[in-house]
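Source file: structure.cif. Holds: mmCIF, C-alpha atoms.
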data_coords
loop_
_atom_site.group_PDB
_atom_site.id
_atom_site.type_symbol
_atom_site.label_atom_id
_atom_site.label_comp_id
_atom_site.auth_asym_id
_atom_site.auth_seq_id
_atom_site.Cartn_x
_atom_site.Cartn_y
_atom_site.Cartn_z
ATOM 1 C CA MET A 540 214.102 126.872 127.856
ATOM 2 C CA PRO A 541 213.422 130.636 127.516
ATOM 3 C CA THR A 542 216.393 132.908 126.930
ATOM 4 C CA PRO A 543 217.240 134.576 130.246
ATOM 5 C CA GLY A 544 216.641 138.300 130.562
ATOM 6 C CA LEU A 545 216.813 140.395 133.727
ATOM 7 C CA THR A 546 216.311 139.127 137.242
ATOM 8 C CA ALA A 547 213.707 140.804 139.429
ATOM 9 C CA ASP A 548 216.480 142.598 141.340
ATOM 10 C CA GLN A 549 218.134 143.817 138.152
ATOM 11 C CA LEU A 550 214.856 145.126 136.769
ATOM 12 C CA ALA A 551 214.132 146.893 140.059
ATOM 13 C CA ALA A 552 217.609 148.487 140.008
ATOM 14 C CA PHE A 553 217.118 149.726 136.444
ATOM 15 C CA ARG A 554 213.757 151.246 137.315
ATOM 16 C CA ARG A 555 215.246 152.892 140.406
ATOM 17 C CA ASP A 556 218.487 154.241 138.902
ATOM 18 C CA GLY A 557 217.766 154.556 135.181
ATOM 19 C CA TYR A 558 220.799 152.455 134.293
ATOM 20 C CA LEU A 559 222.042 148.933 134.866
ATOM 21 C CA VAL A 560 225.610 147.621 134.589
ATOM 22 C CA LEU A 561 225.921 143.946 133.604
ATOM 23 C CA PRO A 562 229.571 142.806 133.695
ATOM 24 C CA GLY A 563 230.672 139.885 131.536
ATOM 25 C CA PHE A 564 227.685 140.007 129.199
ATOM 26 C CA TYR A 565 229.831 139.482 126.086
ATOM 27 C CA ASP A 566 232.920 137.293 126.168
ATOM 28 C CA ALA A 567 236.381 138.570 125.280
ATOM 29 C CA ALA A 568 236.437 136.766 121.932
ATOM 30 C CA THR A 569 233.246 138.533 120.813
ATOM 31 C CA CYS A 570 234.593 141.900 121.904
ATOM 32 C CA GLU A 571 237.928 141.406 120.171
ATOM 33 C CA SER A 572 236.229 140.270 116.963
ATOM 34 C CA LEU A 573 234.139 143.463 116.882
ATOM 35 C CA VAL A 574 237.220 145.606 117.559
ATOM 36 C CA ALA A 575 239.067 143.883 114.711
ATOM 37 C CA ARG A 576 236.117 144.307 112.367
ATOM 38 C CA ALA A 577 235.820 148.025 113.139
ATOM 39 C CA LYS A 578 239.527 148.496 112.487
ATOM 40 C CA ALA A 579 239.157 146.700 109.139
ATOM 41 C CA LEU A 580 236.243 148.948 108.180
ATOM 42 C CA VAL A 581 238.276 152.058 108.978
ATOM 43 C CA GLU A 582 241.246 150.741 107.035
ATOM 44 C CA ALA A 583 239.036 150.244 103.950
ATOM 45 C CA PHE A 584 237.423 153.673 104.326
ATOM 46 C CA GLU A 585 238.659 156.239 101.806
ATOM 47 C CA PRO A 586 237.484 159.714 102.874
ATOM 48 C CA GLY A 587 238.025 161.440 99.541
ATOM 49 C CA GLU A 588 236.303 164.792 99.865
ATOM 50 C CA VAL A 589 234.145 163.521 102.725
ATOM 51 C CA ALA A 590 235.513 164.555 106.102
ATOM 52 C CA SER A 591 232.463 164.720 108.334
ATOM 53 C CA ILE A 592 233.312 165.756 111.874
ATOM 54 C CA PHE A 593 231.180 164.510 114.738
ATOM 55 C CA THR A 594 230.973 167.296 117.305
ATOM 56 C CA THR A 595 230.130 165.890 120.713
ATOM 57 C CA ASN A 596 229.389 169.264 122.294
ATOM 58 C CA GLU A 597 225.639 169.654 121.851
ATOM 59 C CA GLN A 598 225.882 173.424 121.929
ATOM 60 C CA THR A 599 227.945 173.503 118.765
ATOM 61 C CA ARG A 600 226.700 170.372 117.018
ATOM 62 C CA VAL A 601 227.178 170.642 113.271
ATOM 63 C CA THR A 602 225.329 168.368 110.875
ATOM 64 C CA ASP A 603 225.674 167.777 107.160
ATOM 65 C CA ASP A 604 224.017 165.659 104.498
ATOM 66 C CA TYR A 605 226.530 162.865 105.050
ATOM 67 C CA PHE A 606 225.473 162.695 108.706
ATOM 68 C CA LEU A 607 221.742 163.154 108.178
ATOM 69 C CA ALA A 608 221.564 160.400 105.552
ATOM 70 C CA SER A 609 223.424 157.847 107.672
ATOM 71 C CA GLY A 610 220.377 156.099 109.161
ATOM 72 C CA ASP A 611 220.585 153.140 106.761
ATOM 73 C CA ASP A 612 224.301 153.176 106.123
ATOM 74 C CA VAL A 613 227.765 152.623 107.581
ATOM 75 C CA ARG A 614 229.489 156.003 107.658
ATOM 76 C CA PHE A 615 232.586 157.388 109.317
ATOM 77 C CA PHE A 616 232.912 160.522 111.445
ATOM 78 C CA PHE A 617 236.143 162.182 112.482
ATOM 79 C CA GLU A 618 237.132 163.653 115.808
ATOM 80 C CA ALA A 619 236.956 167.437 116.074
ATOM 81 C CA GLU A 620 240.694 167.496 116.903
ATOM 82 C CA ALA A 621 241.716 165.155 114.076
ATOM 83 C CA PHE A 622 242.754 167.824 111.570
ATOM 84 C CA ARG A 623 245.594 170.320 111.296
ATOM 85 C CA PRO A 624 244.814 173.891 110.200
ATOM 86 C CA ASP A 625 245.801 172.954 106.633
ATOM 87 C CA GLY A 626 243.175 170.190 106.575
ATOM 88 C CA GLY A 627 245.553 167.232 106.920
ATOM 89 C CA LEU A 628 245.190 164.629 109.621
ATOM 90 C CA ARG A 629 247.270 165.135 112.756
ATOM 91 C CA GLN A 630 247.787 161.389 113.109
ATOM 92 C CA ASP A 631 246.947 158.100 111.423
ATOM 93 C CA LYS A 632 243.392 157.709 110.084
ATOM 94 C CA ALA A 633 242.774 154.770 112.422
ATOM 95 C CA LEU A 634 243.400 157.057 115.401
ATOM 96 C CA SER A 635 241.357 159.971 114.042
ATOM 97 C CA ILE A 636 237.849 158.503 113.785
ATOM 98 C CA ASN A 637 235.261 159.374 116.433
ATOM 99 C CA LYS A 638 232.634 156.830 115.439
ATOM 100 C CA ILE A 639 231.020 154.655 112.789
ATOM 101 C CA GLY A 640 227.248 154.941 112.420
ATOM 102 C CA HIS A 641 224.421 154.335 112.203
ATOM 103 C CA ALA A 642 223.370 150.970 110.736
ATOM 104 C CA LEU A 643 226.163 148.525 111.530
ATOM 105 C CA HIS A 644 223.506 146.315 113.116
ATOM 106 C CA ASP A 645 221.872 145.877 109.680
ATOM 107 C CA ARG A 646 224.766 146.263 107.254
ATOM 108 C CA ASP A 647 227.566 144.196 108.780
ATOM 109 C CA PRO A 648 227.011 140.475 109.574
ATOM 110 C CA LEU A 649 229.326 140.415 112.592
ATOM 111 C CA PHE A 650 227.700 143.440 114.221
ATOM 112 C CA ALA A 651 224.252 142.175 113.228
ATOM 113 C CA ARG A 652 224.868 138.921 115.100
ATOM 114 C CA ALA A 653 226.030 140.693 118.256
ATOM 115 C CA SER A 654 223.180 143.228 118.036
ATOM 116 C CA ARG A 655 220.477 140.600 117.649
ATOM 117 C CA ASP A 656 221.622 138.430 120.532
ATOM 118 C CA PRO A 657 218.491 136.678 121.889
ATOM 119 C CA ARG A 658 219.428 137.867 125.383
ATOM 120 C CA LEU A 659 218.897 141.470 124.256
ATOM 121 C CA ALA A 660 215.452 140.538 122.965
ATOM 122 C CA ALA A 661 214.664 138.987 126.351
ATOM 123 C CA ILE A 662 215.755 142.178 128.118
ATOM 124 C CA CYS A 663 213.537 144.261 125.828
ATOM 125 C CA ALA A 664 210.609 142.037 126.738
ATOM 126 C CA ASP A 665 211.398 142.469 130.438
ATOM 127 C CA LEU A 666 211.406 146.241 129.932
ATOM 128 C CA GLY A 667 207.897 146.029 128.494
ATOM 129 C CA MET A 668 208.636 146.610 124.809
ATOM 130 C CA ALA A 669 205.835 145.168 122.694
ATOM 131 C CA ASP A 670 207.694 145.458 119.375
ATOM 132 C CA PRO A 671 211.417 146.204 119.875
ATOM 133 C CA ARG A 672 213.108 147.717 116.823
ATOM 134 C CA LEU A 673 216.846 148.280 116.416
ATOM 135 C CA MET A 674 216.861 151.895 115.316
ATOM 136 C CA GLN A 675 220.513 152.928 115.493
ATOM 137 C CA SER A 676 223.968 151.570 116.208
ATOM 138 C CA MET A 677 227.311 153.267 116.760
ATOM 139 C CA TYR A 678 230.885 152.089 117.109
ATOM 140 C CA ILE A 679 232.624 154.640 119.347
ATOM 141 C CA PHE A 680 236.426 154.719 119.356
ATOM 142 C CA LYS A 681 237.331 157.249 122.093
ATOM 143 C CA ASN A 682 240.848 157.171 120.702
ATOM 144 C CA PRO A 683 243.914 157.994 122.816
ATOM 145 C CA PHE A 684 244.608 161.676 123.486
ATOM 146 C CA ILE A 685 241.892 163.067 121.150
ATOM 147 C CA GLY A 686 238.765 161.058 122.044
ATOM 148 C CA GLY A 687 236.072 163.733 122.293
ATOM 149 C CA GLU A 688 233.888 164.447 125.277
ATOM 150 C CA VAL A 689 230.182 163.648 125.063
ATOM 151 C CA GLY A 690 228.162 166.382 126.725
ATOM 152 C CA CYS A 691 225.442 165.674 129.250
ATOM 153 C CA HIS A 692 222.336 164.478 127.439
ATOM 154 C CA GLN A 693 219.321 162.192 127.461
ATOM 155 C CA ASP A 694 218.957 159.651 124.656
ATOM 156 C CA GLY A 695 215.294 160.603 124.291
ATOM 157 C CA THR A 696 216.492 163.969 122.958
ATOM 158 C CA PHE A 697 217.850 162.320 119.823
ATOM 159 C CA LEU A 698 215.590 159.291 119.319
ATOM 160 C CA TYR A 699 212.228 160.630 120.388
ATOM 161 C CA THR A 700 209.119 158.446 120.424
ATOM 162 C CA ASP A 701 205.646 159.056 121.814
ATOM 163 C CA PRO A 702 205.636 157.713 124.449
ATOM 164 C CA LEU A 703 209.389 157.695 125.110
ATOM 165 C CA THR A 704 210.767 154.186 124.681
ATOM 166 C CA VAL A 705 214.380 154.362 123.477
ATOM 167 C CA THR A 706 216.788 152.266 125.522
ATOM 168 C CA GLY A 707 220.546 152.311 125.051
ATOM 169 C CA PHE A 708 222.465 149.027 125.031
ATOM 170 C CA TRP A 709 226.091 150.142 125.461
ATOM 171 C CA VAL A 710 228.881 147.550 125.367
ATOM 172 C CA ALA A 711 232.433 148.092 126.612
ATOM 173 C CA LEU A 712 234.606 146.438 123.955
ATOM 174 C CA GLN A 713 237.660 147.596 125.900
ATOM 175 C CA ASP A 714 237.950 148.469 129.572
ATOM 176 C CA ALA A 715 236.234 151.788 130.299
ATOM 177 C CA THR A 716 237.674 153.660 133.284
ATOM 178 C CA THR A 717 237.665 157.166 134.705
ATOM 179 C CA GLU A 718 241.088 157.625 133.089
ATOM 180 C CA ASN A 719 240.024 156.897 129.499
ATOM 181 C CA GLY A 720 236.526 158.361 129.429
ATOM 182 C CA CYS A 721 233.949 156.006 130.955
ATOM 183 C CA LEU A 722 230.288 156.968 131.163
ATOM 184 C CA TRP A 723 229.002 159.026 134.072
ATOM 185 C CA ALA A 724 225.323 158.859 135.057
ATOM 186 C CA LEU A 725 222.900 160.583 137.423
ATOM 187 C CA PRO A 726 221.175 157.899 139.528
ATOM 188 C CA GLY A 727 217.411 158.450 139.454
ATOM 189 C CA GLY A 728 217.796 161.239 136.916
ATOM 190 C CA HIS A 729 215.443 159.410 134.540
ATOM 191 C CA LEU A 730 212.568 160.367 136.834
ATOM 192 C CA GLY A 731 212.884 163.963 135.647
ATOM 193 C CA PRO A 732 211.559 165.517 132.436
ATOM 194 C CA LEU A 733 212.948 165.442 128.909
ATOM 195 C CA ARG A 734 214.813 168.735 128.560
ATOM 196 C CA ARG A 735 215.360 169.006 124.815
ATOM 197 C CA ARG A 736 214.476 167.456 121.488
ATOM 198 C CA PHE A 737 216.781 167.346 118.458
ATOM 199 C CA ARG A 738 214.855 167.272 115.173
ATOM 200 C CA ARG A 739 214.897 168.239 111.515
ATOM 201 C CA ASP A 740 213.755 171.797 110.984
ATOM 202 C CA GLY A 741 211.970 171.301 107.660
ATOM 203 C CA ALA A 742 214.468 173.462 105.780
ATOM 204 C CA GLY A 743 217.232 170.895 105.379
ATOM 205 C CA GLY A 744 218.812 171.526 108.759
ATOM 206 C CA VAL A 745 218.276 170.569 112.371
ATOM 207 C CA THR A 746 217.307 172.345 115.564
ATOM 208 C CA PHE A 747 216.889 171.799 119.294
ATOM 209 C CA ASP A 748 213.468 172.361 120.846
ATOM 210 C CA GLU A 749 213.763 173.450 124.475
ATOM 211 C CA LEU A 750 211.100 171.481 126.358
ATOM 212 C CA ASP A 751 211.938 171.986 130.030
ATOM 213 C CA ASP A 752 214.466 174.325 131.675
ATOM 214 C CA THR A 753 215.096 172.148 134.725
ATOM 215 C CA PRO A 754 218.908 172.203 134.954
ATOM 216 C CA PHE A 755 221.125 169.165 135.233
ATOM 217 C CA PRO A 756 223.528 169.176 138.174
ATOM 218 C CA PRO A 757 226.883 170.723 137.237
ATOM 219 C CA VAL A 758 228.834 168.231 135.151
ATOM 220 C CA GLU A 759 231.860 167.158 137.156
ATOM 221 C CA SER A 760 233.578 163.955 138.131
ATOM 222 C CA ALA A 761 231.948 163.939 141.556
ATOM 223 C CA ALA A 762 228.647 163.274 143.316
ATOM 224 C CA PRO A 763 225.808 163.206 142.490
ATOM 225 C CA TRP A 764 227.281 161.776 139.273
ATOM 226 C CA VAL A 765 228.411 158.149 139.344
ATOM 227 C CA PRO A 766 231.150 156.708 137.108
ATOM 228 C CA LEU A 767 230.054 153.607 135.222
ATOM 229 C CA GLU A 768 233.439 151.953 134.998
ATOM 230 C CA ALA A 769 233.030 148.895 132.798
ATOM 231 C CA PRO A 770 235.487 146.067 132.151
ATOM 232 C CA GLN A 771 235.574 144.612 128.648
ATOM 233 C CA GLY A 772 232.345 142.756 127.856
ATOM 234 C CA THR A 773 230.136 144.789 130.179
ATOM 235 C CA LEU A 774 226.659 145.737 128.964
ATOM 236 C CA VAL A 775 225.211 149.006 130.268
ATOM 237 C CA LEU A 776 221.477 149.705 129.891
ATOM 238 C CA LEU A 777 220.483 153.379 129.662
ATOM 239 C CA HIS A 778 216.939 154.721 130.105
ATOM 240 C CA ALA A 779 215.630 157.266 127.575
ATOM 241 C CA LEU A 780 215.536 160.025 130.203
ATOM 242 C CA LEU A 781 218.776 159.234 132.043
ATOM 243 C CA PRO A 782 221.241 162.173 132.045
ATOM 244 C CA HIS A 783 224.701 160.833 131.195
ATOM 245 C CA TRP A 784 227.988 162.042 129.715
ATOM 246 C CA SER A 785 231.640 161.131 129.285
ATOM 247 C CA CYS A 786 234.937 163.008 129.482
ATOM 248 C CA ALA A 787 237.419 163.453 126.687
ATOM 249 C CA ASN A 788 240.057 160.751 126.566
ATOM 250 C CA ARG A 789 243.476 162.292 127.203
ATOM 251 C CA SER A 790 245.034 158.993 128.251
ATOM 252 C CA ALA A 791 247.199 156.698 126.127
ATOM 253 C CA ARG A 792 244.527 153.953 126.171
ATOM 254 C CA SER A 793 241.590 153.789 123.769
ATOM 255 C CA ARG A 794 238.047 153.085 125.009
ATOM 256 C CA HIS A 795 236.204 151.319 122.212
ATOM 257 C CA ALA A 796 232.488 150.750 122.748
ATOM 258 C CA TYR A 797 229.498 149.642 120.704
ATOM 259 C CA ALA A 798 225.994 150.971 121.306
ATOM 260 C CA VAL A 799 222.618 149.929 119.932
ATOM 261 C CA HIS A 800 219.528 152.058 120.555
ATOM 262 C CA ILE A 801 216.245 150.173 120.530
ATOM 263 C CA VAL A 802 212.761 151.694 120.404
ATOM 264 C CA ASP A 803 209.331 150.154 120.739
ATOM 265 C CA GLY A 804 207.673 149.940 117.335
ATOM 266 C CA ALA A 805 204.322 150.293 119.089
ATOM 267 C CA ALA A 806 205.210 153.935 119.855
ATOM 268 C CA ALA A 807 205.006 156.781 117.328
ATOM 269 C CA TYR A 808 208.341 157.671 115.689
ATOM 270 C CA PRO A 809 207.995 161.241 114.344
ATOM 271 C CA ALA A 810 208.874 162.044 110.755
ATOM 272 C CA ASP A 811 211.002 164.988 111.941
ATOM 273 C CA ASN A 812 213.364 162.909 114.090
ATOM 274 C CA TRP A 813 216.876 163.576 112.814
ATOM 275 C CA LEU A 814 217.494 159.871 112.148
ATOM 276 C CA GLN A 815 215.307 158.599 109.347
ATOM 277 C CA ARG A 816 215.531 155.330 107.469
ATOM 278 C CA ALA A 817 214.599 154.497 103.892
ATOM 279 C CA THR A 818 213.584 151.048 105.113
ATOM 280 C CA PRO A 819 211.756 150.436 108.407
ATOM 281 C CA ALA A 820 213.833 149.508 111.434
ATOM 282 C CA ARG A 821 213.819 145.764 112.037
ATOM 283 C CA GLY A 822 213.452 143.833 115.231
ATOM 284 C CA PHE A 823 215.320 140.705 116.311
ATOM 285 C CA SER A 824 214.141 138.367 113.566
#

Hey, can you dump this file as structure tokens for me?
Amino acid sequence: MPTPGLTADQLAAFRRDGYLVLPGFYDAATCESLVARAKALVEAFEPGEVASIFTTNEQTRVTDDYFLASGDDVRFFFEAEAFRPDGGLRQDKALSINKIGHALHDRDPLFARASRDPRLAAICADLGMADPRLMQSMYIFKNPFIGGEVGCHQDGTFLYTDPLTVTGFWVALQDATTENGCLWALPGGHLGPLRRRFRRDGAGGVTFDELDDTPFPPVESAAPWVPLEAPQGTLVLLHALLPHWSCANRSARSRHAYAVHIVDGAAAYPADNWLQRATPARGFS
């Protein structure tokens, strides 16, 4: 029997809205095992002189060699608010990490198994991908009180292909609510143009190309934006062109999530995309 993918109604909703929320996709045991594994990875991580900060405000995004060379590796990025003026951590290391990226789906067996779930392959086929490739993965902590905001963006800005094919597979490993920083999306916003492209500048740095000056609606927790509240185990699909964002987490509850970004290997993946791999991205086999 074929592995089930999307129903006709679900596919129609994704094409209409640019996102799809699928509650209960992963069971609680799977979610808790991934949370425990991420915590173990952080515990084993010794920063040394490496203290790469992941800035979620696109206007002030700072990159470094540690970040730019993370396409094939498992690397750790701190919250912008994690450090005191003297350089020490404000709180425990486990509560100071913004994310782990960007190859958990290849490097860690537990994340590899969850990332290569046959149901995800079936969804990719339903979306029309001829040769789905798992390009990037991220474990996002959204820790209590200091979990950083993620500015309004389109995933196609950061994982550009020609034609655009990147699809985000975002999993709520803990309940995501408006209180602890759930995603917010613009229904139908994927029908608009790609506004920006983030790429390597050829001189060892990165730059944004401004492609279209059509503004997004003001970012606020109100219409036309829709909160994508997601109980543990929910899978959220995100179109390459969908504008979405999330608030900072000032609550006492963390909002752990895991995201895999998949592109169609049949599309061109430019050599100046910020994320490059020493080995080609693999599919589901």

Choose the residue, out of A:Tyr558, A:Phe615, A:Trp764, A:Phe650, that has the smallest atom-to-atom separation from Ala633 of chain A; count all atoms listed in the file.
A:Phe615

Contacts of Gly822 of chain A at 7 Å (all atoms listed in the file; same-chain gap of 4+ positions) as a PyMOL selection string:
chain A and resi 671-673

What residues come out when you apply the PyMOL selection byres ((chain A and resi 651-659) around 10) to this file, written as number ranges by chain?
A: 541-545, 564-565, 569-570, 573, 642-650, 660-665, 671, 673, 676, 708, 797-801, 822-824

Atom CA of Ser790 of chain A and atom CA of Ile636 of chain A are how many Å apart?
16.2 Å

Got a sec: who's within 8 Å of Val775 of chain A, counting only C-alpha atoms, leaving out chain neighbours fewer than 3 positions off, as a count of residues only?
8

Which of these, A:Leu607, A:Ala577, A:Leu814, A:Cys786, has the shortest distance to Gly690 of chain A once you count only C-alpha atoms?
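Closest to Gly690 of chain A, using only C-alpha atoms: A:Cys786.
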
Would you place a box with edges along x, y and z of the file around all atoms of segment 771-784 of chain A listed there, add 4 Å to each of its six sides, and report the centre and edge lengths in Å to one decimal, as lines of an AutoDock Vina configuration file?
center_x = 225.6
center_y = 152.5
center_z = 129.8
size_x = 28.0
size_y = 27.4
size_z = 12.5

What do you get, as a PyMOL selection string, if you spell out every residue that the PyMOL selection byres ((chain A and resi 635) around 8) selects here?
chain A and resi 617-618+621+628-634+636-637+682+685

Counting only C-alpha atoms, the residue of A:Met668, A:Ala787, A:Ala608, A:Leu733 that sits nearest Gly686 of chain A
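Using only C-alpha atoms, Gly686 of chain A sits closest to A:Ala787.
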
Smallest atom-to-atom distance to Asn788 of chain A: which of A:Phe680, A:Trp723, A:Phe747, A:Tyr808, using only C-alpha atoms?
A:Phe680

Find the residue from A:Leu777, A:Ala791, A:Val802, A:Ala810 that sits nearest to Ala552 of chain A; use all atoms listed in the file when measuring.
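So, comparing all the options, the nearest one is A:Leu777.
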
Could you jot down the atom CA of Glu768 of chain A to atom CA of Ser785 of chain A separation for me, Å, one decimal place?
11.0 Å

Let me make sure I understand: among A:Thr700, A:Gln771, A:Ser760, A:Ser572, which one has the smallest atom-to-atom distance to His783 of chain A if we use only C-alpha atoms?
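Counting only C-alpha atoms, the residue closest to His783 of chain A is A:Ser760.
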
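Across the model, the gap from atom CA of Arg794 of chain A to atom CA of Gly727 of chain A is 25.8 Å.
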
Any chance you could work out the residue set of the PyMOL selection byres ((chain A and resi 611) around 9) here, as a PyMOL selection string?
chain A and resi 608-610+612-613+640-643+645-646+675+815-818+820
